[in-house]
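Read the structure below first, then the notes.
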Amino acid sequence: MPASTQDGDHSVVNKPAPTGDGKMKAVRFHGKEDLRLEDIPEPQCGKGQIKIKPAWCGICGSDLHEYIGGPSICPTEPHPITGESIPLTFGHEFSGVIEELGEGVSDKFNVGDRVCVQPIIYDGTCGACQDGLINCCYQNGFMGLSGWGGGLSEHVVAPEYAVYKLPDNVGLDVGALVEPLAVAWHAVNASPFKPSDSVLILGGGPIGLSVIQALRARGCRQIIVSEVSAMRKQYAKDFGAHHVLDPTKDDIVARCRELADGQGVNITFDAAGVQAGLDQAVLALRARGTHVNIAIWEKRCNIFPNDLVFREKTYMGVATYVKGDFQEVIDAISDGRLDMCKKMITKRIGLDEVVEQGFKALIKDKDNQVKILVRSSGEI
């Protein structure tokens, strides 16, 4: 079904929320290494929209890249859908509690519901959206990166189609992890994975650990992880990797062939975005294996096509998630198939600690952090 039919009238919901006289706290990105906790107008709930009091918000690798070297994702000119440009409120991995329902919102939502937000912004009318590929919208953006507010604030307004209820047995802290888990879930869904496959994952950070969980939930026979950090190697083992290799000590290609029938792995998932890792991953694949790129690269990489051509290997890119992925992840958390989520949380901080204890901690203490959650409001 075309996105515009599924989601109602995008001309109504794809508008910035009006603001009132009230003020709220929000963490705003002004440019490279420039995050500020500011008082800004509190958004008001419009037609087809839901007003949420954010509870917990994760700091994503994309946020960190923007802080260190941006703006690159955040628009410096008005975004084609939101009409906004920096400074913008950060935070796209978040959960919260509904505080108000706009006109026309369906009766499946109630004030007080605990929810998480799928942050993709899309027009609903382009060819990709009409094909159901909202993650590939030709004008897409993200709440918390492209406008419409974000989770690092005391209040946010989202279109109804972006809001997902959390079951009673899923906490608001875990609800803030649905977004990164959905990235991994989608990557596995989009790949040709079969439970009998051997798989190599590059990187044991939040997305790499999420891929481990998604593969475990599907009964993967053999999960191999390549990671340098001692703490993240231990996390990979704890989360269910069968073998954890260190690329500074192990011959990744030789070990993968040894562990996978002498041929190599069926699929590689790149959650690191490092040239040396890519080179190893392509060579670690067996004939007709598939390399799945999840990572957002900071600079161009090199690929030698012959490494793919002569063994008919496939290189594919995956981007965020599509309709259905968020609900599938929520269901998998609720029924216990994704049972390690909470162990990803290594630190909890307040809005006023975001720069020093959040972003700078992820830069200076990367090896000892996986997911830092920010408490955006009093709701827990």
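All residue names refer to the structure tokens as shown: chains lettered A, B, ... in order, residues numbered from 1 in each chain, ligands numbered from 1 in order.
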Mind dumping a table of every stretch 84-141 of chain A residue within 8 Å of stretch 157-164 of chain A, with the nearest atom pair and its distance in Å to one decimal, using only C-alpha atoms, sorted by chain and rising number, as a tab-separated table?
```
residue	atom	partner	partner_atom	distance
A:Val105	CA	A:Glu160	CA	6.6
A:Val115	CA	A:Tyr164	CA	5.3
A:Cys116	CA	A:Tyr164	CA	5.4
A:Val117	CA	A:Val163	CA	4.7
A:Gln118	CA	A:Ala162	CA	4.9
A:Pro119	CA	A:Ala162	CA	6.5
A:Ile120	CA	A:Ala162	CA	7.7
```
Taking a cut-off of 12 Å and counting only C-alpha atoms, can you build a table that, for each residue of stretch 134-186 of chain A near stretch 362-376 of chain A, reports the nearest atom pair and how far apart they are in Å (one decimal), sorted by chain then residue number, as CSV?
```
residue,atom,partner,partner_atom,distance
A:Gly150,CA,A:Ser376,CA,10.3
A:Gly151,CA,A:Ser376,CA,7.1
A:Leu152,CA,A:Ser376,CA,5.8
A:Ser153,CA,A:Ser376,CA,5.8
A:Glu154,CA,A:Ser376,CA,5.9
A:His155,CA,A:Ser376,CA,8.8
A:Val156,CA,A:Ser376,CA,10.8
A:Leu172,CA,A:Arg375,CA,10.3
A:Asp173,CA,A:Leu373,CA,7.7
A:Val174,CA,A:Leu373,CA,9.9
A:Gly175,CA,A:Leu373,CA,11.0
A:Ala176,CA,A:Leu373,CA,8.0
A:Leu177,CA,A:Lys371,CA,8.7
A:Pro180,CA,A:Lys371,CA,10.0
A:Leu181,CA,A:Lys371,CA,11.8
```
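The nearest approach to A:Val199 among the residues A:Asn140, A:Leu37, A:Gly147, A:Leu259, with only C-alpha atoms taken into account, belongs to A:Leu259.
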Exercise. Which of stretch 122-279 of chain A counts as strand (DSSP E or B) under DSSP, as a PyMOL selection string please?
Worked result: chain A and resi 141-143+147+153+156-159+163-165+198-202+222-226+243-245+265-270
Exercise: A:Asp34 partners within 10 Å, only C-alpha atoms, chain neighbours under 2 positions left out, as a CSV table (one decimal) with N, CA and C atoms, in the first residue's frame:
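Result file is part.csv:
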```
chain,number,residue,atom,x,y,z
A,28,ARG,N,20.3,21.5,22.0
A,28,ARG,CA,20.3,22.0,20.6
A,28,ARG,C,21.7,22.0,20.0
A,29,PHE,N,21.8,21.5,18.8
A,29,PHE,CA,23.0,21.4,18.0
A,29,PHE,C,23.1,22.7,17.2
A,30,HIS,N,24.2,23.4,17.4
A,30,HIS,CA,24.5,24.6,16.7
A,30,HIS,C,25.6,24.5,15.6
A,31,GLY,N,26.4,23.4,15.8
A,31,GLY,CA,27.5,23.2,14.8
A,31,GLY,C,28.5,22.3,15.5
A,32,LYS,N,29.6,22.2,14.8
A,32,LYS,CA,30.7,21.3,15.3
A,32,LYS,C,31.1,21.6,16.7
A,36,ARG,N,24.1,23.0,23.1
A,36,ARG,CA,23.7,23.9,24.2
A,36,ARG,C,22.4,23.5,24.8
A,66,GLU,N,27.9,14.0,14.1
A,66,GLU,CA,27.6,15.4,13.9
A,66,GLU,C,28.3,16.3,14.8
A,67,TYR,N,28.4,15.9,16.1
A,67,TYR,CA,29.0,16.7,17.1
A,67,TYR,C,30.5,16.9,16.8
A,68,ILE,N,31.2,15.8,16.4
A,68,ILE,CA,32.6,15.8,16.1
A,68,ILE,C,33.0,16.5,14.8
A,70,GLY,N,30.3,17.6,12.2
A,70,GLY,CA,29.2,18.1,11.4
A,70,GLY,C,29.2,19.7,11.3
A,87,PRO,N,20.2,26.0,14.3
A,87,PRO,CA,20.2,25.0,15.4
A,87,PRO,C,19.0,24.1,15.5
A,355,VAL,N,26.7,17.0,27.4
A,355,VAL,CA,28.0,17.2,26.8
A,355,VAL,C,29.1,16.5,27.5
```
Can you tell me which residues surround A:Cys256 at a distance of at most 8 Å, considering only C-alpha atoms, apart from same-chain residues fewer than 4 positions away, and format the answer as a short mmCIF file (atom, residue, chain, number, x, y, z; two decimals) with C-alpha atoms, in the first residue's frame?
```
data_model
loop_
_atom_site.label_atom_id
_atom_site.label_comp_id
_atom_site.auth_asym_id
_atom_site.auth_seq_id
_atom_site.Cartn_x
_atom_site.Cartn_y
_atom_site.Cartn_z
CA LEU A 200 30.70 -12.32 10.59
CA ILE A 224 31.57 -14.46 14.61
CA ILE A 252 40.13 -12.68 10.24
CA ALA A 260 32.96 -22.02 8.34
CA GLY A 264 34.16 -18.68 4.60
CA VAL A 265 31.05 -17.10 6.03
CA ALA A 284 36.08 -13.76 4.42
#
```
For this session: Could you give me, as number ranges by chain, each residue of stretch 209-322 of chain A that DSSP assigns to helix (DSSP H, G or I) when run on this structure's backbone?
Result: A: 209-217, 230-239, 252-259, 275-284, 306-309
For this session: Considering only C-alpha atoms, state which residue in the set A:Gln44, A:Val178, A:Arg311, A:Arg337 is at the smallest distance from A:Gly102.
Result: A:Gln44
Exercise. When distances are computed from only C-alpha atoms, which of A:Asp238, A:Asp131, A:Asp246, A:Glu312 shows the smallest separation from A:Lys343?
Worked result: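 That would be A:Asp238, the residue with the smallest distance to A:Lys343.
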Exercise. Between A:Ile73, A:Ile121, A:Ala190, A:Leu101, which has the minimum distance to A:Cys45 (counting only C-alpha atoms)?
Worked result: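 Ranking A:Ile73, A:Ile121, A:Ala190, A:Leu101 by distance to A:Cys45, first place goes to A:Leu101.
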For this session: State, in Å with one decimal place, the distance from atom CA of A:Gly69 to atom CA of A:Ala230.
Result: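 Between atom CA of A:Gly69 and atom CA of A:Ala230 the gap works out to 26.5 Å.
Distance-wise, atom CA of A:Ser146 and atom CA of A:Gly124 end up 16.5 Å apart.
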For this session: Would you list the contacts of A:Val183 as a list of chain:residue names, taking every protein, DNA or RNA residue within 10 Å and counting only C-alpha atoms, but skipping same-chain residues closer than 4 positions in sequence?
Result: A:Val178, A:Glu179, A:Ala187, A:Val188, A:Asn189, A:Ile207, A:Ser210, A:Val211, A:Ala214, A:Ile294, A:Val318, A:Ala319, A:Thr320, A:Tyr321, A:Val322, A:Asp325, A:Phe326, A:Val329
Problem set entry | Pairwise distance for atom CA of A:Gln139 and atom CA of A:Thr125, rounded to one decimal in Å | 10.0 Å
Problem set entry | Who sits within 9 Å of A:Asp39, only C-alpha atoms, same chain under 6 positions skipped, as number ranges by chain | A: 23-27
Residues as selected, N, CA, C and O atoms, written as a PDB file, in the first residue's frame, can you do that?
```pdb
ATOM      1  N   LYS A  23       7.835  27.655  27.886  1.00  0.00           N
ATOM      2  CA  LYS A  23       9.223  27.347  27.563  1.00  0.00           C
ATOM      3  C   LYS A  23       9.579  25.953  28.069  1.00  0.00           C
ATOM      4  O   LYS A  23       8.967  25.427  28.997  1.00  0.00           O
ATOM      5  N   MET A  24      10.576  25.353  27.457  1.00  0.00           N
ATOM      6  CA  MET A  24      11.065  24.047  27.900  1.00  0.00           C
ATOM      7  C   MET A  24      12.572  23.986  27.689  1.00  0.00           C
ATOM      8  O   MET A  24      13.157  24.769  26.929  1.00  0.00           O
ATOM      9  N   LYS A  25      13.205  23.009  28.332  1.00  0.00           N
ATOM     10  CA  LYS A  25      14.625  22.756  28.143  1.00  0.00           C
ATOM     11  C   LYS A  25      14.826  21.814  26.957  1.00  0.00           C
ATOM     12  O   LYS A  25      14.079  20.855  26.785  1.00  0.00           O
ATOM     13  N   ALA A  26      15.855  22.089  26.165  1.00  0.00           N
ATOM     14  CA  ALA A  26      16.187  21.218  25.035  1.00  0.00           C
ATOM     15  C   ALA A  26      17.675  21.319  24.737  1.00  0.00           C
ATOM     16  O   ALA A  26      18.273  22.403  24.867  1.00  0.00           O
ATOM     17  N   VAL A  27      18.270  20.193  24.340  1.00  0.00           N
ATOM     18  CA  VAL A  27      19.669  20.185  23.913  1.00  0.00           C
ATOM     19  C   VAL A  27      19.692  20.449  22.419  1.00  0.00           C
ATOM     20  O   VAL A  27      19.154  19.679  21.631  1.00  0.00           O
TER      21      VAL A  27
END
```
